[in-house]
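Novice: Data file run21.pdb (PDB, C-alpha atoms) is appended below.
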ATOM      1  CA  MET A   1     101.305  87.548 149.787  1.00  0.00           C
ATOM      2  CA  GLU A   2     103.464  84.436 149.568  1.00  0.00           C
ATOM      3  CA  GLN A   3     106.921  84.780 151.077  1.00  0.00           C
ATOM      4  CA  LEU A   4     108.832  84.654 147.774  1.00  0.00           C
ATOM      5  CA  SER A   5     106.820  87.647 146.498  1.00  0.00           C
ATOM      6  CA  GLU A   6     107.439  89.507 149.743  1.00  0.00           C
ATOM      7  CA  VAL A   7     111.172  88.802 149.552  1.00  0.00           C
ATOM      8  CA  LEU A   8     111.283  89.951 145.920  1.00  0.00           C
ATOM      9  CA  SER A   9     109.433  93.173 146.834  1.00  0.00           C
ATOM     10  CA  ALA A  10     111.694  93.688 149.817  1.00  0.00           C
ATOM     11  CA  ILE A  11     114.904  93.477 147.805  1.00  0.00           C
ATOM     12  CA  SER A  12     113.552  95.505 144.882  1.00  0.00           C
ATOM     13  CA  HIS A  13     114.674  98.760 146.573  1.00  0.00           C
ATOM     14  CA  PRO A  14     118.364  99.758 146.585  1.00  0.00           C
ATOM     15  CA  THR A  15     118.202 101.048 150.169  1.00  0.00           C
ATOM     16  CA  ARG A  16     116.782  97.774 151.424  1.00  0.00           C
ATOM     17  CA  ARG A  17     119.406  95.818 149.475  1.00  0.00           C
ATOM     18  CA  ALA A  18     122.074  97.995 151.064  1.00  0.00           C
ATOM     19  CA  ILE A  19     120.600  97.261 154.498  1.00  0.00           C
ATOM     20  CA  VAL A  20     120.635  93.518 153.779  1.00  0.00           C
ATOM     21  CA  LYS A  21     124.226  93.782 152.584  1.00  0.00           C
ATOM     22  CA  ARG A  22     125.137  95.650 155.765  1.00  0.00           C
ATOM     23  CA  LEU A  23     123.454  93.039 157.966  1.00  0.00           C
ATOM     24  CA  ALA A  24     125.212  90.218 156.105  1.00  0.00           C
ATOM     25  CA  GLY A  25     128.280  91.431 158.012  1.00  0.00           C
ATOM     26  CA  GLY A  26     126.567  90.899 161.363  1.00  0.00           C
ATOM     27  CA  PRO A  27     123.769  92.247 163.564  1.00  0.00           C
ATOM     28  CA  ALA A  28     123.489  95.999 164.006  1.00  0.00           C
ATOM     29  CA  ARG A  29     121.501  98.553 165.993  1.00  0.00           C
ATOM     30  CA  PHE A  30     118.877 100.697 164.311  1.00  0.00           C
ATOM     31  CA  LEU A  31     120.942 103.905 164.337  1.00  0.00           C
ATOM     32  CA  ASP A  32     124.004 102.091 162.970  1.00  0.00           C
ATOM     33  CA  ILE A  33     121.879 100.800 160.099  1.00  0.00           C
ATOM     34  CA  ALA A  34     120.376 104.210 159.424  1.00  0.00           C
ATOM     35  CA  GLU A  35     123.658 106.128 159.686  1.00  0.00           C
ATOM     36  CA  PRO A  36     124.965 105.765 156.079  1.00  0.00           C
ATOM     37  CA  PHE A  37     121.667 106.852 154.542  1.00  0.00           C
ATOM     38  CA  ASP A  38     120.744 110.430 153.917  1.00  0.00           C
ATOM     39  CA  VAL A  39     117.049 109.859 154.540  1.00  0.00           C
ATOM     40  CA  ALA A  40     114.670 110.387 157.453  1.00  0.00           C
ATOM     41  CA  LEU A  41     114.775 107.776 160.201  1.00  0.00           C
ATOM     42  CA  ASN A  42     111.098 107.263 159.543  1.00  0.00           C
ATOM     43  CA  ALA A  43     111.936 106.023 156.040  1.00  0.00           C
ATOM     44  CA  ILE A  44     114.479 103.540 157.425  1.00  0.00           C
ATOM     45  CA  THR A  45     111.838 102.279 159.852  1.00  0.00           C
ATOM     46  CA  LYS A  46     109.519 101.636 156.919  1.00  0.00           C
ATOM     47  CA  HIS A  47     112.249  99.804 155.002  1.00  0.00           C
ATOM     48  CA  LEU A  48     112.999  97.641 158.037  1.00  0.00           C
ATOM     49  CA  LYS A  49     109.325  96.822 158.418  1.00  0.00           C
ATOM     50  CA  MET A  50     109.214  95.554 154.833  1.00  0.00           C
ATOM     51  CA  LEU A  51     112.328  93.449 155.379  1.00  0.00           C
ATOM     52  CA  GLU A  52     110.852  92.080 158.585  1.00  0.00           C
ATOM     53  CA  ARG A  53     107.545  91.238 156.919  1.00  0.00           C
ATOM     54  CA  ALA A  54     109.456  89.302 154.257  1.00  0.00           C
ATOM     55  CA  GLY A  55     111.232  87.320 156.967  1.00  0.00           C
ATOM     56  CA  LEU A  56     114.610  88.753 155.987  1.00  0.00           C
ATOM     57  CA  ILE A  57     115.464  90.311 159.338  1.00  0.00           C
ATOM     58  CA  GLU A  58     114.673  89.815 162.985  1.00  0.00           C
ATOM     59  CA  ARG A  59     115.008  91.981 166.082  1.00  0.00           C
ATOM     60  CA  GLU A  60     116.578  90.785 169.293  1.00  0.00           C
ATOM     61  CA  LYS A  61     116.650  92.657 172.580  1.00  0.00           C
ATOM     62  CA  ARG A  62     119.981  92.537 174.359  1.00  0.00           C
ATOM     63  CA  GLY A  63     119.754  94.422 177.601  1.00  0.00           C
ATOM     64  CA  ARG A  64     118.560  97.883 176.743  1.00  0.00           C
ATOM     65  CA  GLU A  65     119.468  97.647 173.084  1.00  0.00           C
ATOM     66  CA  VAL A  66     117.729  96.095 170.137  1.00  0.00           C
ATOM     67  CA  PHE A  67     119.901  94.381 167.548  1.00  0.00           C
ATOM     68  CA  ILE A  68     118.678  93.678 164.064  1.00  0.00           C
ATOM     69  CA  SER A  69     120.062  90.668 162.251  1.00  0.00           C
ATOM     70  CA  LEU A  70     119.717  89.052 158.844  1.00  0.00           C
ATOM     71  CA  ARG A  71     117.736  85.860 158.356  1.00  0.00           C
ATOM     72  CA  PRO A  72     119.368  84.627 155.142  1.00  0.00           C
ATOM     73  CA  GLU A  73     117.099  81.595 154.741  1.00  0.00           C
ATOM     74  CA  ALA A  74     114.536  83.863 153.086  1.00  0.00           C
ATOM     75  CA  LEU A  75     117.081  84.808 150.408  1.00  0.00           C
ATOM     76  CA  ARG A  76     117.432  81.141 149.549  1.00  0.00           C
ATOM     77  CA  LEU A  77     113.911  81.309 148.150  1.00  0.00           C
ATOM     78  CA  VAL A  78     115.197  83.756 145.569  1.00  0.00           C
ATOM     79  CA  ALA A  79     118.397  81.828 144.884  1.00  0.00           C
ATOM     80  CA  ASN A  80     116.348  78.694 144.297  1.00  0.00           C
ATOM     81  CA  TRP A  81     113.847  80.516 142.150  1.00  0.00           C
ATOM     82  CA  VAL A  82     116.446  81.773 139.730  1.00  0.00           C
ATOM     83  CA  HIS A  83     118.524  78.601 139.609  1.00  0.00           C
ATOM     84  CA  GLU A  84     118.973  77.558 136.020  1.00  0.00           C
ATOM     85  CA  TYR A  85     117.546  74.127 136.717  1.00  0.00           C
ATOM     86  CA  GLU A  86     114.363  75.795 137.915  1.00  0.00           C
ATOM     87  CA  ARG A  87     114.111  77.416 134.484  1.00  0.00           C
ATOM     88  CA  PHE A  88     115.098  74.199 132.741  1.00  0.00           C
ATOM     89  CA  TRP A  89     112.475  72.046 134.480  1.00  0.00           C
ATOM     90  CA  ASN A  90     109.794  74.728 134.278  1.00  0.00           C
ATOM     91  CA  GLY A  91     110.295  74.832 130.511  1.00  0.00           C
ATOM     92  CA  LYS A  92     110.274  71.040 130.253  1.00  0.00           C
ATOM     93  CA  LEU A  93     107.165  70.586 132.397  1.00  0.00           C
ATOM     94  CA  ASP A  94     105.295  73.344 130.565  1.00  0.00           C
ATOM     95  CA  GLU A  95     106.013  71.508 127.323  1.00  0.00           C
ATOM     96  CA  PHE A  96     105.067  68.150 128.874  1.00  0.00           C
ATOM     97  CA  ALA A  97     101.812  69.495 130.332  1.00  0.00           C
ATOM     98  CA  GLY A  98     101.108  71.175 126.989  1.00  0.00           C
ATOM     99  CA  TYR A  99     101.313  67.816 125.248  1.00  0.00           C
ATOM    100  CA  PHE A 100      98.445  66.498 127.394  1.00  0.00           C
ATOM    101  CA  LYS A 101      96.330  69.544 126.621  1.00  0.00           C
ATOM    102  CA  ARG A 102      96.582  69.119 122.858  1.00  0.00           C
ATOM    103  CA  PRO A 103      93.090  68.582 121.434  1.00  0.00           C
ATOM    104  CA  GLU A 104      94.373  66.127 118.828  1.00  0.00           C
ATOM    105  CA  ARG A 105      95.772  63.824 121.517  1.00  0.00           C
ATOM    106  CA  SER A 106      93.353  60.921 121.397  1.00  0.00           C
ATOM    107  CA  ARG A 107      92.494  59.439 124.731  1.00  0.00           C
ATOM    108  CA  THR A 108      90.629  56.258 125.353  1.00  0.00           C
TER     109      THR A 108
ATOM    110  CA  MET B 109     133.256  68.501 147.925  1.00  0.00           C
ATOM    111  CA  SER B 110     132.086  67.837 151.473  1.00  0.00           C
ATOM    112  CA  ASP B 111     131.541  71.511 152.215  1.00  0.00           C
ATOM    113  CA  ALA B 112     129.875  72.252 148.872  1.00  0.00           C
ATOM    114  CA  LYS B 113     126.579  74.042 149.310  1.00  0.00           C
ATOM    115  CA  THR B 114     123.714  72.425 147.503  1.00  0.00           C
ATOM    116  CA  ILE B 115     120.184  73.486 146.847  1.00  0.00           C
ATOM    117  CA  GLU B 116     117.070  71.865 145.479  1.00  0.00           C
ATOM    118  CA  VAL B 117     114.382  73.050 143.134  1.00  0.00           C
ATOM    119  CA  THR B 118     110.797  71.839 143.245  1.00  0.00           C
ATOM    120  CA  ILE B 119     108.352  72.163 140.383  1.00  0.00           C
ATOM    121  CA  GLU B 120     104.721  71.076 140.309  1.00  0.00           C
ATOM    122  CA  ARG B 121     102.278  70.694 137.457  1.00  0.00           C
ATOM    123  CA  THR B 122      98.753  69.382 137.276  1.00  0.00           C
ATOM    124  CA  ILE B 123      98.441  67.200 134.189  1.00  0.00           C
ATOM    125  CA  PRO B 124      95.030  66.353 132.734  1.00  0.00           C
ATOM    126  CA  ALA B 125      95.582  62.593 132.569  1.00  0.00           C
ATOM    127  CA  SER B 126      95.797  59.596 134.910  1.00  0.00           C
ATOM    128  CA  PRO B 127      99.009  58.850 136.866  1.00  0.00           C
ATOM    129  CA  ASP B 128      99.522  55.737 134.677  1.00  0.00           C
ATOM    130  CA  GLU B 129      99.443  57.802 131.498  1.00  0.00           C
ATOM    131  CA  VAL B 130     101.644  60.553 132.901  1.00  0.00           C
ATOM    132  CA  PHE B 131     104.158  58.088 134.356  1.00  0.00           C
ATOM    133  CA  ASP B 132     104.467  56.201 131.059  1.00  0.00           C
ATOM    134  CA  ALA B 133     104.698  59.408 129.056  1.00  0.00           C
ATOM    135  CA  TRP B 134     107.517  60.748 131.262  1.00  0.00           C
ATOM    136  CA  LEU B 135     109.663  57.750 130.292  1.00  0.00           C
ATOM    137  CA  ASP B 136     108.804  58.016 126.591  1.00  0.00           C
ATOM    138  CA  PRO B 137     111.460  59.949 124.629  1.00  0.00           C
ATOM    139  CA  LYS B 138     108.914  60.723 121.896  1.00  0.00           C
ATOM    140  CA  ILE B 139     106.862  62.909 124.251  1.00  0.00           C
ATOM    141  CA  PRO B 140     107.806  66.593 124.205  1.00  0.00           C
ATOM    142  CA  GLY B 141     108.987  68.012 127.511  1.00  0.00           C
ATOM    143  CA  THR B 142     110.517  64.810 128.843  1.00  0.00           C
ATOM    144  CA  PRO B 143     114.218  65.124 129.609  1.00  0.00           C
ATOM    145  CA  TRP B 144     114.939  62.524 126.911  1.00  0.00           C
ATOM    146  CA  ASN B 145     113.075  64.284 124.100  1.00  0.00           C
ATOM    147  CA  MET B 146     115.123  66.200 121.521  1.00  0.00           C
ATOM    148  CA  ALA B 147     118.392  64.524 122.543  1.00  0.00           C
ATOM    149  CA  ASP B 148     121.025  64.335 119.825  1.00  0.00           C
ATOM    150  CA  LYS B 149     122.120  61.013 121.282  1.00  0.00           C
ATOM    151  CA  LEU B 150     120.097  58.999 123.776  1.00  0.00           C
ATOM    152  CA  LEU B 151     120.614  55.781 125.726  1.00  0.00           C
ATOM    153  CA  LEU B 152     117.784  55.082 128.166  1.00  0.00           C
ATOM    154  CA  ASN B 153     117.244  52.029 130.341  1.00  0.00           C
ATOM    155  CA  PRO B 154     114.561  52.973 132.891  1.00  0.00           C
ATOM    156  CA  ILE B 155     114.903  50.115 135.361  1.00  0.00           C
ATOM    157  CA  VAL B 156     116.411  50.287 138.854  1.00  0.00           C
ATOM    158  CA  ASP B 157     120.190  50.501 138.351  1.00  0.00           C
ATOM    159  CA  GLY B 158     119.652  51.152 134.639  1.00  0.00           C
ATOM    160  CA  PHE B 159     121.577  54.060 133.164  1.00  0.00           C
ATOM    161  CA  PHE B 160     120.737  56.914 130.865  1.00  0.00           C
ATOM    162  CA  TYR B 161     122.927  59.083 128.712  1.00  0.00           C
ATOM    163  CA  TRP B 162     121.698  61.954 126.665  1.00  0.00           C
ATOM    164  CA  ALA B 163     123.462  64.758 124.924  1.00  0.00           C
ATOM    165  CA  VAL B 164     122.103  67.880 123.375  1.00  0.00           C
ATOM    166  CA  ARG B 165     124.307  70.336 121.485  1.00  0.00           C
ATOM    167  CA  GLY B 166     127.356  68.491 122.782  1.00  0.00           C
ATOM    168  CA  THR B 167     126.402  68.711 126.484  1.00  0.00           C
ATOM    169  CA  PRO B 168     126.333  65.239 128.061  1.00  0.00           C
ATOM    170  CA  HIS B 169     124.025  64.151 130.889  1.00  0.00           C
ATOM    171  CA  TYR B 170     124.364  60.872 132.737  1.00  0.00           C
ATOM    172  CA  GLY B 171     122.366  59.152 135.445  1.00  0.00           C
ATOM    173  CA  ARG B 172     121.315  55.951 137.137  1.00  0.00           C
ATOM    174  CA  PHE B 173     117.722  55.077 137.954  1.00  0.00           C
ATOM    175  CA  THR B 174     117.322  54.448 141.688  1.00  0.00           C
ATOM    176  CA  ALA B 175     113.540  54.022 141.906  1.00  0.00           C
ATOM    177  CA  ILE B 176     110.932  53.040 139.351  1.00  0.00           C
ATOM    178  CA  GLU B 177     107.537  52.575 140.966  1.00  0.00           C
ATOM    179  CA  ARG B 178     104.993  52.579 138.169  1.00  0.00           C
ATOM    180  CA  ALA B 179     102.460  55.348 138.360  1.00  0.00           C
ATOM    181  CA  ALA B 180     103.887  56.650 141.648  1.00  0.00           C
ATOM    182  CA  ARG B 181     107.573  57.597 141.534  1.00  0.00           C
ATOM    183  CA  ILE B 182     110.664  57.794 139.360  1.00  0.00           C
ATOM    184  CA  GLN B 183     114.028  58.683 140.835  1.00  0.00           C
ATOM    185  CA  HIS B 184     117.421  58.894 139.209  1.00  0.00           C
ATOM    186  CA  THR B 185     120.757  60.541 139.649  1.00  0.00           C
ATOM    187  CA  TRP B 186     121.746  63.346 137.308  1.00  0.00           C
ATOM    188  CA  MET B 187     125.218  64.484 136.380  1.00  0.00           C
ATOM    189  CA  SER B 188     126.110  67.083 133.806  1.00  0.00           C
ATOM    190  CA  PRO B 189     128.725  69.826 133.442  1.00  0.00           C
ATOM    191  CA  ASN B 190     126.251  71.999 135.386  1.00  0.00           C
ATOM    192  CA  THR B 191     126.399  69.788 138.480  1.00  0.00           C
ATOM    193  CA  SER B 192     130.160  70.390 138.788  1.00  0.00           C
ATOM    194  CA  GLY B 193     130.989  66.789 139.609  1.00  0.00           C
ATOM    195  CA  LEU B 194     128.113  66.401 142.073  1.00  0.00           C
ATOM    196  CA  GLU B 195     125.671  63.525 141.663  1.00  0.00           C
ATOM    197  CA  SER B 196     122.383  65.384 141.918  1.00  0.00           C
ATOM    198  CA  ILE B 197     119.065  63.569 142.348  1.00  0.00           C
ATOM    199  CA  VAL B 198     115.866  63.987 140.342  1.00  0.00           C
ATOM    200  CA  SER B 199     112.747  62.620 141.973  1.00  0.00           C
ATOM    201  CA  VAL B 200     109.389  62.733 140.208  1.00  0.00           C
ATOM    202  CA  THR B 201     106.173  61.731 141.932  1.00  0.00           C
ATOM    203  CA  PHE B 202     102.711  61.287 140.464  1.00  0.00           C
ATOM    204  CA  GLN B 203      99.619  61.709 142.597  1.00  0.00           C
ATOM    205  CA  ALA B 204      96.031  61.265 141.433  1.00  0.00           C
ATOM    206  CA  GLU B 205      93.852  64.334 141.921  1.00  0.00           C
ATOM    207  CA  GLY B 206      90.428  63.452 140.577  1.00  0.00           C
ATOM    208  CA  LYS B 207      90.871  62.950 136.826  1.00  0.00           C
ATOM    209  CA  ASN B 208      94.197  64.762 136.904  1.00  0.00           C
ATOM    210  CA  THR B 209      97.673  63.988 138.141  1.00  0.00           C
ATOM    211  CA  LEU B 210      99.733  66.217 140.369  1.00  0.00           C
ATOM    212  CA  MET B 211     103.289  65.803 139.157  1.00  0.00           C
ATOM    213  CA  THR B 212     106.040  66.994 141.510  1.00  0.00           C
ATOM    214  CA  LEU B 213     109.644  67.140 140.365  1.00  0.00           C
ATOM    215  CA  VAL B 214     112.354  67.724 142.955  1.00  0.00           C
ATOM    216  CA  HIS B 215     115.925  68.210 141.754  1.00  0.00           C
ATOM    217  CA  SER B 216     118.186  68.123 144.811  1.00  0.00           C
ATOM    218  CA  GLY B 217     121.907  68.160 145.459  1.00  0.00           C
ATOM    219  CA  LEU B 218     122.517  70.907 142.914  1.00  0.00           C
ATOM    220  CA  PRO B 219     125.668  72.938 143.439  1.00  0.00           C
ATOM    221  CA  ASP B 220     124.805  76.393 144.733  1.00  0.00           C
ATOM    222  CA  THR B 221     127.154  78.350 142.515  1.00  0.00           C
ATOM    223  CA  ASP B 222     126.856  81.622 140.667  1.00  0.00           C
ATOM    224  CA  SER B 223     127.155  79.783 137.357  1.00  0.00           C
ATOM    225  CA  GLY B 224     124.209  77.629 138.397  1.00  0.00           C
ATOM    226  CA  ARG B 225     121.997  80.640 138.636  1.00  0.00           C
ATOM    227  CA  SER B 226     120.370  82.177 135.663  1.00  0.00           C
ATOM    228  CA  HIS B 227     120.952  85.705 134.537  1.00  0.00           C
ATOM    229  CA  GLU B 228     117.435  86.393 133.526  1.00  0.00           C
ATOM    230  CA  LYS B 229     116.264  89.865 132.689  1.00  0.00           C
ATOM    231  CA  GLY B 230     115.694  91.968 135.726  1.00  0.00           C
ATOM    232  CA  TRP B 231     117.807  89.795 137.942  1.00  0.00           C
ATOM    233  CA  ASN B 232     121.238  90.915 136.888  1.00  0.00           C
ATOM    234  CA  TYR B 233     121.232  93.633 139.513  1.00  0.00           C
ATOM    235  CA  PHE B 234     120.624  91.016 142.122  1.00  0.00           C
ATOM    236  CA  LEU B 235     123.018  88.430 140.877  1.00  0.00           C
ATOM    237  CA  ASP B 236     125.803  90.762 139.855  1.00  0.00           C
ATOM    238  CA  GLY B 237     127.384  91.375 143.163  1.00  0.00           C
ATOM    239  CA  PHE B 238     124.581  91.309 145.639  1.00  0.00           C
ATOM    240  CA  CYS B 239     123.998  87.606 145.930  1.00  0.00           C
ATOM    241  CA  SER B 240     127.609  86.639 145.384  1.00  0.00           C
ATOM    242  CA  GLN B 241     128.693  89.059 148.093  1.00  0.00           C
ATOM    243  CA  LEU B 242     126.229  87.523 150.473  1.00  0.00           C
ATOM    244  CA  ALA B 243     127.439  84.098 149.456  1.00  0.00           C
ATOM    245  CA  LYS B 244     131.013  85.146 150.154  1.00  0.00           C
ATOM    246  CA  SER B 245     130.019  86.477 153.527  1.00  0.00           C
ATOM    247  CA  GLY B 246     128.479  83.102 154.284  1.00  0.00           C
ATOM    248  CA  ALA B 247     125.025  84.612 154.590  1.00  0.00           C
ATOM    249  CA  VAL B 248     123.437  82.564 151.806  1.00  0.00           C
TER     250      VAL B 248
END
The structure given in the file should be rewritten as structure tokens.

Specialist:
Amino acid sequence: MEQLSEVLSAISHPTRRAIVKRLAGGPARFLDIAEPFDVALNAITKHLKMLERAGLIEREKRGREVFISLRPEALRLVANWVHEYERFWNGKLDEFAGYFKRPERSRT
Amino acid sequence: MSDAKTIEVTIERTIPASPDEVFDAWLDPKIPGTPWNMADKLLLNPIVDGFFYWAVRGTPHYGRFTAIERAARIQHTWMSPNTSGLESIVSVTFQAEGKNTLMTLVHSGLPDTDSGRSHEKGWNYFLDGFCSQLAKSGAV
């Protein structure tokens, strides 16, 4: 799956969005991330795996502890995708490309 | 303005025509889908250092052409109320791919603001709060 699709899937779940929001404040350990959620630790592990696959988080070992931090560059893909100029130019270029596909357009 | 965050958008289309045809069409206001088409008022001088002005429904857009390389590249600046005083850059390249042309449009230097982002269906949950909070935290 391309990264944009993976990022969109990753942030489609409220728990994962909450985790991203939490990590926007700085790196955290697994148990600190899991603490506010009333779900099994196993479920948090799965959510983190999805975020990691999308390139949204990374793990870093510091001594005996593993810290998880946000990699916000991946979110830029989404910000860019929904920028109004993206919509504007997509609409324009669809129309422009459509002009060349018209059967009545005579070409020599 | 020096610390303003900017982003760029890149769009590609494969057009079933030669780069010459596509290049010329892109500068022809009569062709649907060009930025100049459907303008209520249009001034267009597509030469290097030539200016354009177009307005649609009272929204003005200005720019200066910085590169005109026939059949290969068109570049111009782009200012509108949506660029918040920034001089953004639109660069369009045309590359032959067999009988077709790969057209790549890059619009860079766009202000990365909430108002610049669309509120399309399904994305309100993301944009309302989530992204702006991250932006405030400096994460995005």

Novice: Pick from A:Ser69, A:Leu41, A:Gly25, A:Glu2: nearest to chain B, with all atoms listed in the file counted?

Specialist: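 With all atoms listed in the file as the atom set, the closest residue is A:Gly25.
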
Novice: Can you check which parts of chain A lie within 10 Å of chain B? Per residue, the shortest pair of atoms and distance in Å to one decimal, counting only C-alpha atoms, sorted by chain and number, as JSON lines.

Specialist:
{"residue": "A:Ile11", "atom": "CA", "partner": "B:Phe234", "partner_atom": "CA", "distance": 8.4}
{"residue": "A:Ser12", "atom": "CA", "partner": "B:Phe234", "partner_atom": "CA", "distance": 8.8}
{"residue": "A:Pro14", "atom": "CA", "partner": "B:Tyr233", "partner_atom": "CA", "distance": 9.8}
{"residue": "A:Arg17", "atom": "CA", "partner": "B:Phe238", "partner_atom": "CA", "distance": 7.9}
{"residue": "A:Ala18", "atom": "CA", "partner": "B:Phe238", "partner_atom": "CA", "distance": 9.0}
{"residue": "A:Val20", "atom": "CA", "partner": "B:Leu242", "partner_atom": "CA", "distance": 8.8}
{"residue": "A:Lys21", "atom": "CA", "partner": "B:Leu242", "partner_atom": "CA", "distance": 6.9}
{"residue": "A:Arg22", "atom": "CA", "partner": "B:Leu242", "partner_atom": "CA", "distance": 9.8}
{"residue": "A:Leu23", "atom": "CA", "partner": "B:Ala247", "partner_atom": "CA", "distance": 9.2}
{"residue": "A:Ala24", "atom": "CA", "partner": "B:Ala247", "partner_atom": "CA", "distance": 5.8}
{"residue": "A:Gly25", "atom": "CA", "partner": "B:Ser245", "partner_atom": "CA", "distance": 6.9}
{"residue": "A:Gly26", "atom": "CA", "partner": "B:Ala247", "partner_atom": "CA", "distance": 9.4}
{"residue": "A:Leu70", "atom": "CA", "partner": "B:Ala247", "partner_atom": "CA", "distance": 8.1}
{"residue": "A:Arg71", "atom": "CA", "partner": "B:Ala247", "partner_atom": "CA", "distance": 8.3}
{"residue": "A:Pro72", "atom": "CA", "partner": "B:Val248", "partner_atom": "CA", "distance": 5.7}
{"residue": "A:Glu73", "atom": "CA", "partner": "B:Val248", "partner_atom": "CA", "distance": 7.1}
{"residue": "A:Ala74", "atom": "CA", "partner": "B:Val248", "partner_atom": "CA", "distance": 9.1}
{"residue": "A:Leu75", "atom": "CA", "partner": "B:Val248", "partner_atom": "CA", "distance": 6.9}
{"residue": "A:Arg76", "atom": "CA", "partner": "B:Val248", "partner_atom": "CA", "distance": 6.6}
{"residue": "A:Leu77", "atom": "CA", "partner": "B:Val117", "partner_atom": "CA", "distance": 9.7}
{"residue": "A:Val78", "atom": "CA", "partner": "B:Cys239", "partner_atom": "CA", "distance": 9.6}
{"residue": "A:Ala79", "atom": "CA", "partner": "B:Arg225", "partner_atom": "CA", "distance": 7.3}
{"residue": "A:Asn80", "atom": "CA", "partner": "B:Val117", "partner_atom": "CA", "distance": 6.1}
{"residue": "A:Trp81", "atom": "CA", "partner": "B:Val117", "partner_atom": "CA", "distance": 7.5}
{"residue": "A:Val82", "atom": "CA", "partner": "B:Ser226", "partner_atom": "CA", "distance": 5.7}
{"residue": "A:His83", "atom": "CA", "partner": "B:Arg225", "partner_atom": "CA", "distance": 4.1}
{"residue": "A:Glu84", "atom": "CA", "partner": "B:Ser226", "partner_atom": "CA", "distance": 4.8}
{"residue": "A:Tyr85", "atom": "CA", "partner": "B:Val117", "partner_atom": "CA", "distance": 7.2}
{"residue": "A:Glu86", "atom": "CA", "partner": "B:Val117", "partner_atom": "CA", "distance": 5.9}
{"residue": "A:Arg87", "atom": "CA", "partner": "B:Ser226", "partner_atom": "CA", "distance": 8.0}
{"residue": "A:Phe88", "atom": "CA", "partner": "B:Pro143", "partner_atom": "CA", "distance": 9.6}
{"residue": "A:Trp89", "atom": "CA", "partner": "B:Ile119", "partner_atom": "CA", "distance": 7.2}
{"residue": "A:Asn90", "atom": "CA", "partner": "B:Ile119", "partner_atom": "CA", "distance": 6.8}
{"residue": "A:Gly91", "atom": "CA", "partner": "B:Gly141", "partner_atom": "CA", "distance": 7.6}
{"residue": "A:Lys92", "atom": "CA", "partner": "B:Gly141", "partner_atom": "CA", "distance": 4.3}
{"residue": "A:Leu93", "atom": "CA", "partner": "B:Gly141", "partner_atom": "CA", "distance": 5.8}
{"residue": "A:Asp94", "atom": "CA", "partner": "B:Gly141", "partner_atom": "CA", "distance": 7.2}
{"residue": "A:Glu95", "atom": "CA", "partner": "B:Gly141", "partner_atom": "CA", "distance": 4.6}
{"residue": "A:Phe96", "atom": "CA", "partner": "B:Gly141", "partner_atom": "CA", "distance": 4.2}
{"residue": "A:Ala97", "atom": "CA", "partner": "B:Ile123", "partner_atom": "CA", "distance": 5.6}
{"residue": "A:Gly98", "atom": "CA", "partner": "B:Gly141", "partner_atom": "CA", "distance": 8.5}
{"residue": "A:Tyr99", "atom": "CA", "partner": "B:Pro140", "partner_atom": "CA", "distance": 6.7}
{"residue": "A:Phe100", "atom": "CA", "partner": "B:Pro124", "partner_atom": "CA", "distance": 6.3}
{"residue": "A:Lys101", "atom": "CA", "partner": "B:Pro124", "partner_atom": "CA", "distance": 7.0}
{"residue": "A:Arg107", "atom": "CA", "partner": "B:Ala125", "partner_atom": "CA", "distance": 9.0}

Novice: Enter the distance from CA of Ala163 in chain B to CA of Phe131 in chain B, in Å, rounded to one decimal.

Specialist: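 Distance reported for this atom pair: 22.5 Å.
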
Novice: Using all atoms listed in the file for the distances, tell me which of B:Ser192, B:Asn208, B:Pro154, B:Trp186 is nearest to Lys113 in chain B.

Specialist: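 Of B:Ser192, B:Asn208, B:Pro154, B:Trp186, the one nearest Lys113 in chain B is B:Ser192, counting all atoms listed in the file.
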
Novice: Could you tell me how far CA of Val198 in chain B sits from CA of Thr185 in chain B, in Å to one decimal place?

Specialist: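 Pair CA of Thr185 in chain B / CA of Val198 in chain B returns 6.0 Å.
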
Novice: Env of Thr209 in chain B: 6 Å cut, atoms = only C-alpha atoms, seq-sep filter 4 positions within chain, self excluded. Answer as a ChimeraX atom specification.

Specialist: /B:122-123,126-127,203-205

Novice: Please expand the PyMOL selection byres ((chain B and resi 169-180) around 8) into the concrete residues it hits in this file, giving the result as number ranges by chain.

Specialist: B: 127-132, 154-163, 167-168, 181-189, 201-203

Novice: Have a look at CA of Pro103 in chain A and CA of Lys138 in chain B and let me know their distance in Å, one decimal.

Specialist: 17.7 Å

Novice: Give as a list in words every residue, naming chains and numbers as the document does, that has an atom within 12 Å of (102.8, 89.0, 151.3), counting all atoms listed in the file.

Specialist: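 Answer for this query, in the requested form: Met1, Glu2, Gln3, Leu4, Ser5, Glu6, Val7, Leu8, Ser9, Ala10, Met50, Leu51, Glu52, Arg53, Ala54 and Gly55 of chain A.
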
Novice: In the coordinate frame of the file, compute which residues have an atom within 7 Å of (121.3, 66.7, 118.7) when using only C-alpha atoms, and state them as a list of chain:residue names.

Specialist: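 The answer, in the requested form, is B:Met146, B:Ala147, B:Asp148, B:Lys149, B:Ala163, B:Val164, B:Arg165.
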
Novice: For the file shown, what are the residues hit by the PyMOL selection byres ((chain A and resi 33) around 9), laid out as number ranges by chain?

Specialist: A: 19, 22-23, 28-32, 34-37, 44, 68
